[in-house]
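Quick look at coords.txt (compact mmCIF, C-alpha atoms):
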```txt
# COMPACT_ATOMS: atom_id res chain seq x y z
CA MET A 13 92.38 44.57 39.25
CA LYS A 14 95.85 44.81 40.79
CA VAL A 15 98.05 47.71 39.67
CA VAL A 16 101.70 48.13 40.64
CA SER A 17 102.54 51.86 40.68
CA VAL A 18 106.22 52.79 40.40
CA VAL A 19 107.61 56.02 41.88
CA GLY A 20 111.15 57.14 42.55
CA ALA A 21 111.56 60.91 42.25
CA ARG A 22 109.83 64.15 43.22
CA PRO A 23 107.65 64.60 40.10
CA GLU A 24 106.51 60.99 40.34
CA PHE A 25 105.40 61.39 43.96
CA ILE A 26 103.33 64.41 42.91
CA GLN A 27 101.84 62.61 39.91
CA ALA A 28 101.05 59.51 41.95
CA ALA A 29 98.79 61.25 44.48
CA PRO A 30 95.82 62.15 42.22
CA VAL A 31 96.05 58.80 40.46
CA SER A 32 96.07 56.87 43.74
CA ARG A 33 93.00 58.75 44.91
CA ALA A 34 91.18 57.65 41.76
CA LEU A 35 92.51 54.07 41.68
CA ARG A 36 92.16 52.90 45.24
CA PRO A 37 88.37 53.03 45.70
CA ARG A 38 87.93 50.50 42.88
CA HIS A 39 91.23 48.64 42.45
CA GLN A 40 94.15 47.28 44.42
CA GLU A 41 97.22 49.48 44.10
CA VAL A 42 100.66 48.26 45.17
CA LEU A 43 102.97 51.25 45.53
CA VAL A 44 106.66 50.64 44.86
CA HIS A 45 109.19 53.33 45.79
CA THR A 46 112.47 52.58 44.03
CA GLY A 47 114.51 54.73 46.43
CA GLN A 48 115.97 56.76 43.54
CA HIS A 49 115.34 59.85 45.70
CA TYR A 50 116.17 58.74 49.22
CA ASP A 51 116.62 62.09 50.97
CA TYR A 52 113.81 62.68 53.52
CA GLN A 53 112.91 66.12 52.16
CA MET A 54 112.69 64.68 48.64
CA SER A 55 110.79 61.53 49.58
CA ALA A 56 109.07 60.82 52.91
CA LEU A 57 107.89 64.40 53.50
CA PHE A 58 106.31 64.47 50.04
CA PHE A 59 104.39 61.28 50.84
CA GLN A 60 103.04 62.86 54.05
CA GLU A 61 102.01 66.18 52.52
CA LEU A 62 100.46 64.69 49.39
CA GLY A 63 98.48 62.13 51.37
CA LEU A 64 100.15 59.26 49.56
CA PRO A 65 99.91 55.89 51.31
CA ALA A 66 103.15 54.42 52.61
CA PRO A 67 104.94 52.40 49.91
CA ASP A 68 104.31 48.67 49.96
CA TYR A 69 107.91 48.22 48.80
CA ASN A 70 111.00 50.42 49.06
CA LEU A 71 113.71 49.08 46.76
CA GLU A 72 116.31 51.40 48.38
CA VAL A 73 118.53 51.67 45.31
CA GLY A 74 119.97 55.09 46.25
CA SER A 75 122.13 57.13 43.92
CA GLY A 76 124.73 56.01 41.40
CA PRO A 77 125.62 56.13 37.71
CA HIS A 78 122.67 55.78 35.33
CA GLY A 79 123.48 52.22 34.26
CA GLN A 80 124.05 50.99 37.79
CA GLN A 81 120.95 52.67 39.19
CA THR A 82 118.71 51.49 36.33
CA GLY A 83 120.07 47.96 36.56
CA GLU A 84 119.50 47.76 40.32
CA ILE A 85 115.91 48.97 39.97
CA LEU A 86 115.30 46.54 37.10
CA ALA A 87 116.55 43.53 39.06
CA ARG A 88 114.67 44.41 42.26
CA MET A 89 111.52 45.41 40.38
CA GLU A 90 111.47 42.08 38.57
CA ARG A 91 111.34 40.23 41.90
CA VAL A 92 108.44 42.39 43.10
CA LEU A 93 106.46 41.76 39.93
CA MET A 94 107.05 38.02 40.08
CA ASP A 95 105.79 37.99 43.67
CA GLU A 96 102.81 40.32 43.14
CA ARG A 97 101.71 39.14 39.66
CA PRO A 98 99.86 42.40 38.86
CA ASP A 99 97.43 43.00 36.02
CA TRP A 100 99.14 46.31 35.13
CA VAL A 101 102.28 48.26 35.92
CA LEU A 102 101.97 52.04 35.99
CA VAL A 103 105.04 54.23 35.42
CA ARG A 104 105.24 57.98 35.03
CA GLY A 105 107.57 60.60 33.64
CA ASP A 106 111.12 60.03 32.43
CA THR A 107 113.35 58.90 35.30
CA ASN A 108 115.50 55.80 35.65
CA SER A 109 112.64 54.42 37.75
CA THR A 110 110.32 54.93 34.76
CA LEU A 111 112.64 53.09 32.39
CA ALA A 112 113.42 50.20 34.75
CA GLY A 113 109.80 49.74 35.80
CA ALA A 114 108.60 49.67 32.20
CA LEU A 115 111.32 47.24 31.10
CA ALA A 116 110.79 44.89 34.04
CA ALA A 117 107.07 44.70 33.30
CA ALA A 118 107.46 44.35 29.53
CA LYS A 119 109.96 41.49 29.87
CA LEU A 120 107.51 39.67 32.14
CA HIS A 121 104.64 40.37 29.71
CA VAL A 122 102.79 42.56 32.19
CA PRO A 123 100.92 45.40 30.45
CA VAL A 124 102.43 48.86 31.03
CA GLY A 125 100.68 52.20 31.41
CA HIS A 126 102.83 55.34 31.01
CA ILE A 127 101.61 58.60 32.54
CA GLU A 128 103.05 61.74 30.89
CA ALA A 129 103.66 59.83 27.65
CA GLY A 130 104.69 61.47 24.41
CA LEU A 131 106.76 64.35 25.78
CA ARG A 132 109.97 65.00 23.86
CA SER A 133 112.93 67.36 24.11
CA PHE A 134 114.40 65.98 20.84
CA ASN A 135 117.77 65.96 22.57
CA ARG A 136 119.06 62.41 22.92
CA TRP A 137 122.05 63.56 24.95
CA MET A 138 119.59 63.84 27.83
CA PRO A 139 119.22 60.53 29.71
CA GLU A 140 115.59 61.46 30.39
CA GLU A 141 114.86 61.57 26.66
CA ILE A 142 116.06 57.98 26.25
CA ASN A 143 114.02 56.92 29.28
CA ARG A 144 110.78 58.42 28.00
CA ILE A 145 111.20 57.13 24.44
CA VAL A 146 111.86 53.55 25.56
CA ALA A 147 109.01 53.63 28.08
CA ASP A 148 106.61 54.86 25.40
CA HIS A 149 107.64 52.15 22.98
CA VAL A 150 107.03 49.30 25.44
CA ALA A 151 103.84 50.79 26.94
CA ASP A 152 100.38 49.44 26.16
CA LEU A 153 98.47 52.48 27.42
CA LEU A 154 99.96 55.94 26.87
CA PHE A 155 98.41 58.76 28.88
CA CYS A 156 99.33 62.06 27.20
CA PRO A 157 99.12 65.46 28.92
CA THR A 158 98.90 67.55 25.73
CA PRO A 159 97.86 67.26 22.06
CA THR A 160 101.52 67.82 21.15
CA ALA A 161 102.42 64.66 23.05
CA VAL A 162 99.83 62.72 21.05
CA SER A 163 101.34 64.11 17.82
CA ASN A 164 104.86 63.16 18.93
CA LEU A 165 103.77 59.55 19.45
CA ALA A 166 102.01 59.45 16.09
CA ALA A 167 105.21 60.67 14.42
CA GLU A 168 106.98 57.65 15.95
CA GLY A 169 104.28 55.28 14.73
CA ILE A 170 102.53 54.86 18.09
CA LEU A 171 98.79 55.10 17.41
CA GLN A 172 97.23 52.39 19.58
CA GLY A 173 96.43 52.81 23.26
CA VAL A 174 97.04 56.58 23.16
CA HIS A 175 94.80 58.75 25.35
CA LEU A 176 94.79 62.53 25.83
CA VAL A 177 94.06 62.86 29.55
CA GLY A 178 95.55 66.19 30.69
CA ASP A 179 98.29 66.78 33.21
CA VAL A 180 98.12 65.13 36.64
CA MET A 181 100.75 67.53 38.05
CA TYR A 182 98.35 70.38 37.27
CA GLU A 183 95.59 68.42 39.00
CA ALA A 184 97.88 68.06 42.02
CA ILE A 185 98.42 71.83 42.13
CA LEU A 186 94.67 72.49 41.96
CA HIS A 187 94.12 70.05 44.83
CA ASN A 188 96.99 71.25 47.04
CA LEU A 189 97.48 74.98 46.45
CA SER A 190 94.98 76.15 49.08
CA LEU A 191 96.47 73.67 51.58
CA ALA A 192 99.96 74.97 50.84
CA GLU A 193 98.85 78.59 51.29
CA ALA A 194 97.26 77.75 54.64
CA ARG A 195 100.04 75.57 56.05
CA SER A 196 103.35 76.78 54.64
CA GLN A 197 105.42 79.23 56.67
CA VAL A 198 108.44 79.08 54.39
CA LEU A 199 108.47 82.77 53.41
CA ALA A 200 108.47 83.89 57.04
CA ARG A 201 110.99 81.23 58.01
CA LEU A 202 113.44 82.36 55.32
CA GLY A 203 112.70 86.08 55.77
CA LEU A 204 111.33 86.52 52.24
CA VAL A 205 108.82 88.92 50.73
CA PRO A 206 106.72 87.98 47.68
CA HIS A 207 108.49 88.73 44.38
CA GLY A 208 111.57 89.85 46.29
CA TYR A 209 113.83 86.90 45.49
CA LEU A 210 114.92 84.48 42.79
CA LEU A 211 114.51 80.72 43.19
CA LEU A 212 117.29 78.44 41.90
CA THR A 213 117.68 74.68 41.48
CA VAL A 214 120.43 72.78 39.61
CA HIS A 215 120.35 69.00 39.53
CA ARG A 216 120.68 67.53 36.03
CA ALA A 217 123.84 65.56 35.31
CA GLU A 218 124.69 67.84 32.36
CA ASN A 219 124.89 70.76 34.78
CA THR A 220 126.39 69.11 37.87
CA ASP A 221 128.79 66.52 36.44
CA ILE A 222 130.31 68.64 33.65
CA TRP A 223 132.42 71.06 35.63
CA GLU A 224 132.66 73.73 32.92
CA ASN A 225 128.85 73.93 32.85
CA LEU A 226 128.58 74.10 36.63
CA ARG A 227 131.30 76.76 36.82
CA ALA A 228 129.47 78.85 34.21
CA ILE A 229 126.22 78.64 36.21
CA LEU A 230 128.01 79.59 39.43
CA ALA A 231 129.82 82.49 37.72
CA ALA A 232 126.46 83.85 36.55
CA LEU A 233 125.05 83.31 40.03
CA ASP A 234 127.91 85.31 41.57
CA ARG A 235 126.95 88.31 39.40
CA LEU A 236 123.36 88.45 40.71
CA GLU A 237 122.64 91.15 43.26
CA GLU A 238 119.08 90.37 44.38
CA PRO A 239 118.45 87.58 46.92
CA VAL A 240 118.65 84.03 45.56
CA ILE A 241 117.15 81.02 47.34
CA PHE A 242 119.22 78.05 46.15
CA LEU A 243 117.47 74.72 46.83
CA VAL A 244 120.53 72.47 46.81
CA HIS A 245 120.07 68.93 45.53
CA PRO A 246 122.26 66.38 47.39
CA ARG A 247 124.27 65.63 44.24
CA THR A 248 124.81 69.34 43.62
CA ARG A 249 125.92 69.94 47.20
CA LYS A 250 128.53 67.21 46.81
CA ARG A 251 129.87 68.82 43.61
CA LEU A 252 129.99 72.25 45.22
CA ARG A 253 132.05 70.86 48.11
CA GLU A 254 134.43 69.20 45.65
CA MET A 255 134.88 72.51 43.82
CA GLY A 256 135.34 74.48 47.04
CA TRP A 257 132.72 77.00 45.94
CA GLN A 258 131.48 79.53 48.49
CA PRO A 259 128.24 81.42 47.87
CA GLY A 260 128.19 85.21 47.71
CA PRO A 261 126.20 87.31 50.18
CA ALA A 262 123.06 87.31 47.99
CA VAL A 263 122.87 83.52 47.75
CA HIS A 264 121.08 81.55 50.48
CA MET A 265 121.71 77.80 50.20
CA VAL A 266 118.91 75.73 51.72
CA GLU A 267 117.94 72.08 51.73
CA PRO A 268 115.28 70.80 49.28
CA GLN A 269 111.87 71.67 50.68
CA GLY A 270 108.63 69.74 51.00
CA TYR A 271 105.89 70.01 48.40
CA PHE A 272 103.87 72.75 50.15
CA ASP A 273 106.92 74.92 50.85
CA THR A 274 108.23 74.44 47.31
CA LEU A 275 104.88 75.48 45.83
CA MET A 276 104.92 78.66 47.91
CA LEU A 277 108.52 79.44 46.97
CA GLU A 278 107.63 78.97 43.30
CA LYS A 279 104.43 81.00 43.51
CA ASN A 280 106.11 83.98 45.20
CA ALA A 281 109.48 84.09 43.42
CA ARG A 282 110.16 86.93 41.00
CA LEU A 283 111.96 84.48 38.73
CA LEU A 284 112.68 80.75 38.67
CA LEU A 285 116.13 79.57 37.52
CA THR A 286 116.01 75.80 37.08
CA ASP A 287 116.81 72.73 35.03
CA SER A 288 113.81 70.89 36.52
CA GLY A 289 111.07 70.13 34.04
CA GLY A 290 108.58 69.60 36.86
CA MET A 291 109.27 72.99 38.43
CA GLN A 292 109.04 74.72 35.04
CA LYS A 293 105.60 73.18 34.63
CA GLU A 294 104.53 74.12 38.15
CA VAL A 295 105.44 77.82 37.80
CA TYR A 296 103.63 77.92 34.45
CA CYS A 297 100.54 76.47 36.13
CA LEU A 298 100.90 79.03 38.93
CA GLY A 299 100.98 81.87 36.41
```

Since I need it in another form, could you write the structure as structure tokens?
Amino acid sequence: MKVVSVVGARPEFIQAAPVSRALRPRHQEVLVHTGQHYDYQMSALFFQELGLPAPDYNLEVGSGPHGQQTGEILARMERVLMDERPDWVLVRGDTNSTLAGALAAAKLHVPVGHIEAGLRSFNRWMPEEINRIVADHVADLLFCPTPTAVSNLAAEGILQGVHLVGDVMYEAILHNLSLAEARSQVLARLGLVPHGYLLLTVHRAENTDIWENLRAILAALDRLEEPVIFLVHPRTRKRLREMGWQPGPAVHMVEPQGYFDTLMLEKNARLLLTDSGGMQKEVYCLG
């Protein structure tokens, strides 16, 4: 069986690793990286650390408005699927890569599997909510991480092809935590002590593209007195430059880190301040 696996962003790289390990001994997997996250620290380094095979395709779509980015992925993904003629397309999560991959497959009548199906914020202002709803409604197999996700699908009339399988991001943590503890030197490199700092990320469009929201976050940040490690997403860095914002003495702005270093920063932070669903889940899994 030939399976085309679609990835494009940090949580999808993490989710893809355990699935690839299970798929590849028995099936042919064609890995397609959409290029939605194109920064090295957010892409290539994750592939190396997670033991993911190099992508068979890199669509290189880069950043852009939601419609433009989704449309580019959809058009380029369609060509890949017509060339590869897979038996299944596997998407995960709620990104523009998820939506475009699911739509491209569904329009070509290729069955779709959706990992992390059934999750809902019930806030349709979030682009991710639209992505996950549409992906679920065109999917043929829906792999749910929690019983609540199964219930959410049932409430929308989706009863067939639904499987409660657990969370592959948790599986990735179980597989990689000891490796991260052995290999990561990030605390020493940044001069940190366990539970002696806060960890911050801001990347969602609602928080970076609406200036009043970003200003409110930065004003709160300026009032903090304990050390803050601010992992600055490329889009956020661009907005901060446009605003002319300068961090206070407690705020240390650093580039996005690899998977092992990020796990260690999450595990040892006193508090996580984030709009990342994946990081929220990771710190919960880490206790």

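In this model, the gap between atom CA of A:Arg136 and atom CA of A:His121 comes to 27.2 Å.
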
**Request:** Take atom CA of A:Leu202 and atom CA of A:Asn188 and report the distance between them in Å, one decimal.
**Result:** 21.5 Å

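A straight line drawn from atom CA of A:Glu72 to atom CA of A:Glu90 is 14.4 Å long.
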
**Request:** Choose the residue, out of A:Val244, A:Pro30, A:Arg249, A:Val177, that has the smallest atom-to-atom separation from A:Glu267; count only C-alpha atoms.
**Result:** A:Val244

Spatial sel., origin (95.7, 38.7, 39.2), limit 10 Å, only C-alpha atoms, listed as a CSV table (one decimal) with C-alpha atoms, in the coordinates of the input:
```
chain,number,residue,atom,x,y,z
A,13,MET,CA,92.4,44.6,39.2
A,14,LYS,CA,95.8,44.8,40.8
A,15,VAL,CA,98.0,47.7,39.7
A,96,GLU,CA,102.8,40.3,43.1
A,97,ARG,CA,101.7,39.1,39.7
A,98,PRO,CA,99.9,42.4,38.9
A,99,ASP,CA,97.4,43.0,36.0
A,100,TRP,CA,99.1,46.3,35.1
```

**Message:** Here is a test: counting all atoms listed in the file, which residue of A:Leu176, A:Val198, A:Val16, A:Ala56 is nearest to A:Val122?
**Reply:** A:Val16

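Excluding A:Met255 and any residue on its chain fewer than 2 positions from it, the residues at most 12 Å away by only C-alpha atoms are Thr220, Asp221, Ile222, Trp223, Glu224, Leu226, Arg227, Leu230, Thr248, Arg249, Lys250, Arg251, Leu252, Arg253, Trp257, Gln258 and Pro259 of chain A.
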
**Fill in**
Between A:His78, A:Arg91, A:Arg22, A:His175, smallest distance to A:Ala129 by only C-alpha atoms belongs to A:His175

**Request:** Compare A:Gly260, A:Pro268, A:Gly105, A:Gly74 by their minimum atom-to-atom distance to A:Gly47, counting all atoms listed in the file, and give me the closest one.
**Result:** A:Gly74

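Candidate residues A:Arg132, A:Thr107, A:Glu294, A:His207 were compared for distance to A:Leu186, and the nearest is A:Glu294, using all atoms listed in the file.
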
**Message:** So, with only C-alpha atoms as the atoms that count, which of A:Ala114, A:Leu233, A:Leu284, A:Ala161 lies closest to A:Gly299?
**Reply:** A:Leu284

**Message:** Residues within 7 Å of A:Val19, please, as a VMD selection string. Count only C-alpha atoms; anything in the same chain fewer than 2 positions from it doesn't count.
**Reply:** chain A and resid 17 21 24 to 25 44 to 46 109
